[in-house]
Amino acid sequence: METDFSVRPAGSGGRRRDFGRLLITCPDQPGIVATVSGFLFSSDANMTKSRRYSADPFGETILLRKEFRLTGLAEFFNDLLAHFGEIPDRFPARWQMTRTGPVEGGAR
């Protein structure tokens, strides 16, 4: 399992500071999309974009891209990372979660 806890500053002003992105690559299996969507829902995040791509013609590997808005994301980002970190224990996945808005005080 590989993780990347980097934050990439983007955008301007405060209107995008509550937005994040979650990228996941894993073997396709039942329940992964529902689990990730359920995690965001239970975290009070609102998915603003959701994409699923097959990385090969037989559907053995998928890439999930979830963009979301969570009020106070800057304040709760590290907690969100820690809680999401439990999901790859159930699904062998490579994942990256980033904040897509400006980062006060530098990257975390």
# chains A, B, ... in the order shown; residues from 1 in each chain; ligands from 1
call {"tool": "residues_around", "arguments": {"residues": "Thr25 of chain A", "least_positions_apart": "6", "cutoff": "9 Å", "atoms": "only C-alpha atoms", "output": "number ranges by chain"}}
result
A: 55, 61-64, 92-95
call {"tool": "residues_around", "arguments": {"residues": "Thr71 of chain A", "least_positions_apart": "4", "cutoff": "10 Å", "atoms": "only C-alpha atoms", "output": "count of residues only"}}
result
8
call {"tool": "residues_around", "arguments": {"residues": "His83 of chain A", "least_positions_apart": "4", "cutoff": "12 Å", "atoms": "only C-alpha atoms", "output": "ChimeraX atom specification"}}
result
/A:36,39-40,42-43,76-79,87-89,97
call {"tool": "residues_around", "arguments": {"residues": "Arg65 of chain A", "least_positions_apart": "6", "cutoff": "7 Å", "atoms": "only C-alpha atoms", "output": "list of chain:residue names"}}
result
A:Leu22, A:Leu23, A:Ile24, A:Ser50, A:Arg51, A:Arg52
call {"tool": "select_by_dssp", "arguments": {"residues": "segment 7-101 of chain A", "states": "strand (DSSP E)", "output": "PDB file with C-alpha atoms, in the first residue's frame"}}
result
ATOM      1  CA  PHE A  19     -12.414  21.329  -1.681  1.00  0.00           C
ATOM      2  CA  GLY A  20     -10.421  18.119  -1.869  1.00  0.00           C
ATOM      3  CA  ARG A  21      -9.583  15.354  -4.305  1.00  0.00           C
ATOM      4  CA  LEU A  22      -9.158  11.644  -3.711  1.00  0.00           C
ATOM      5  CA  LEU A  23      -7.417   9.465  -6.309  1.00  0.00           C
ATOM      6  CA  ILE A  24      -7.413   5.694  -5.916  1.00  0.00           C
ATOM      7  CA  THR A  25      -5.923   2.948  -8.078  1.00  0.00           C
ATOM      8  CA  CYS A  26      -6.792  -0.612  -7.138  1.00  0.00           C
ATOM      9  CA  PRO A  27      -7.876  -3.987  -8.426  1.00  0.00           C
ATOM     10  CA  ASN A  46     -20.385  16.469  -0.604  1.00  0.00           C
ATOM     11  CA  MET A  47     -19.045  14.850  -3.775  1.00  0.00           C
ATOM     12  CA  THR A  48     -18.815  17.460  -6.513  1.00  0.00           C
ATOM     13  CA  LYS A  49     -17.298  15.160  -9.158  1.00  0.00           C
ATOM     14  CA  SER A  50     -16.967  11.408  -9.347  1.00  0.00           C
ATOM     15  CA  ARG A  51     -15.224   9.441 -12.078  1.00  0.00           C
ATOM     16  CA  ARG A  52     -14.296   5.827 -12.519  1.00  0.00           C
ATOM     17  CA  TYR A  53     -11.864   4.737 -15.210  1.00  0.00           C
ATOM     18  CA  SER A  54     -10.819   1.238 -16.204  1.00  0.00           C
ATOM     19  CA  THR A  61      -7.672  -2.362 -12.374  1.00  0.00           C
ATOM     20  CA  ILE A  62      -9.611   0.860 -11.851  1.00  0.00           C
ATOM     21  CA  LEU A  63      -8.850   4.470 -11.124  1.00  0.00           C
ATOM     22  CA  LEU A  64     -11.344   6.385  -8.997  1.00  0.00           C
ATOM     23  CA  ARG A  65     -11.341  10.160  -8.865  1.00  0.00           C
ATOM     24  CA  LYS A  66     -13.583  11.778  -6.283  1.00  0.00           C
ATOM     25  CA  GLU A  67     -13.694  15.522  -5.816  1.00  0.00           C
ATOM     26  CA  PHE A  68     -15.513  16.761  -2.763  1.00  0.00           C
ATOM     27  CA  ARG A  69     -16.379  19.738  -0.610  1.00  0.00           C
ATOM     28  CA  ARG A  94      -2.672   3.127  -3.956  1.00  0.00           C
ATOM     29  CA  TRP A  95      -4.241   6.431  -3.041  1.00  0.00           C
ATOM     30  CA  GLN A  96      -3.640  10.144  -2.736  1.00  0.00           C
ATOM     31  CA  MET A  97      -5.806  12.732  -0.999  1.00  0.00           C
ATOM     32  CA  THR A  98      -5.141  16.419  -1.543  1.00  0.00           C
ATOM     33  CA  ARG A  99      -6.711  19.730  -0.726  1.00  0.00           C
TER      34      ARG A  99
END
call {"tool": "atom_distance", "arguments": {"atom1": "atom CA of Gln29 of chain A", "atom2": "atom CA of Leu73 of chain A"}}
result
29.2 Å
call {"tool": "atom_distance", "arguments": {"atom1": "atom CA of Glu86 of chain A", "atom2": "atom CA of Phe41 of chain A"}}
result
15.7 Å
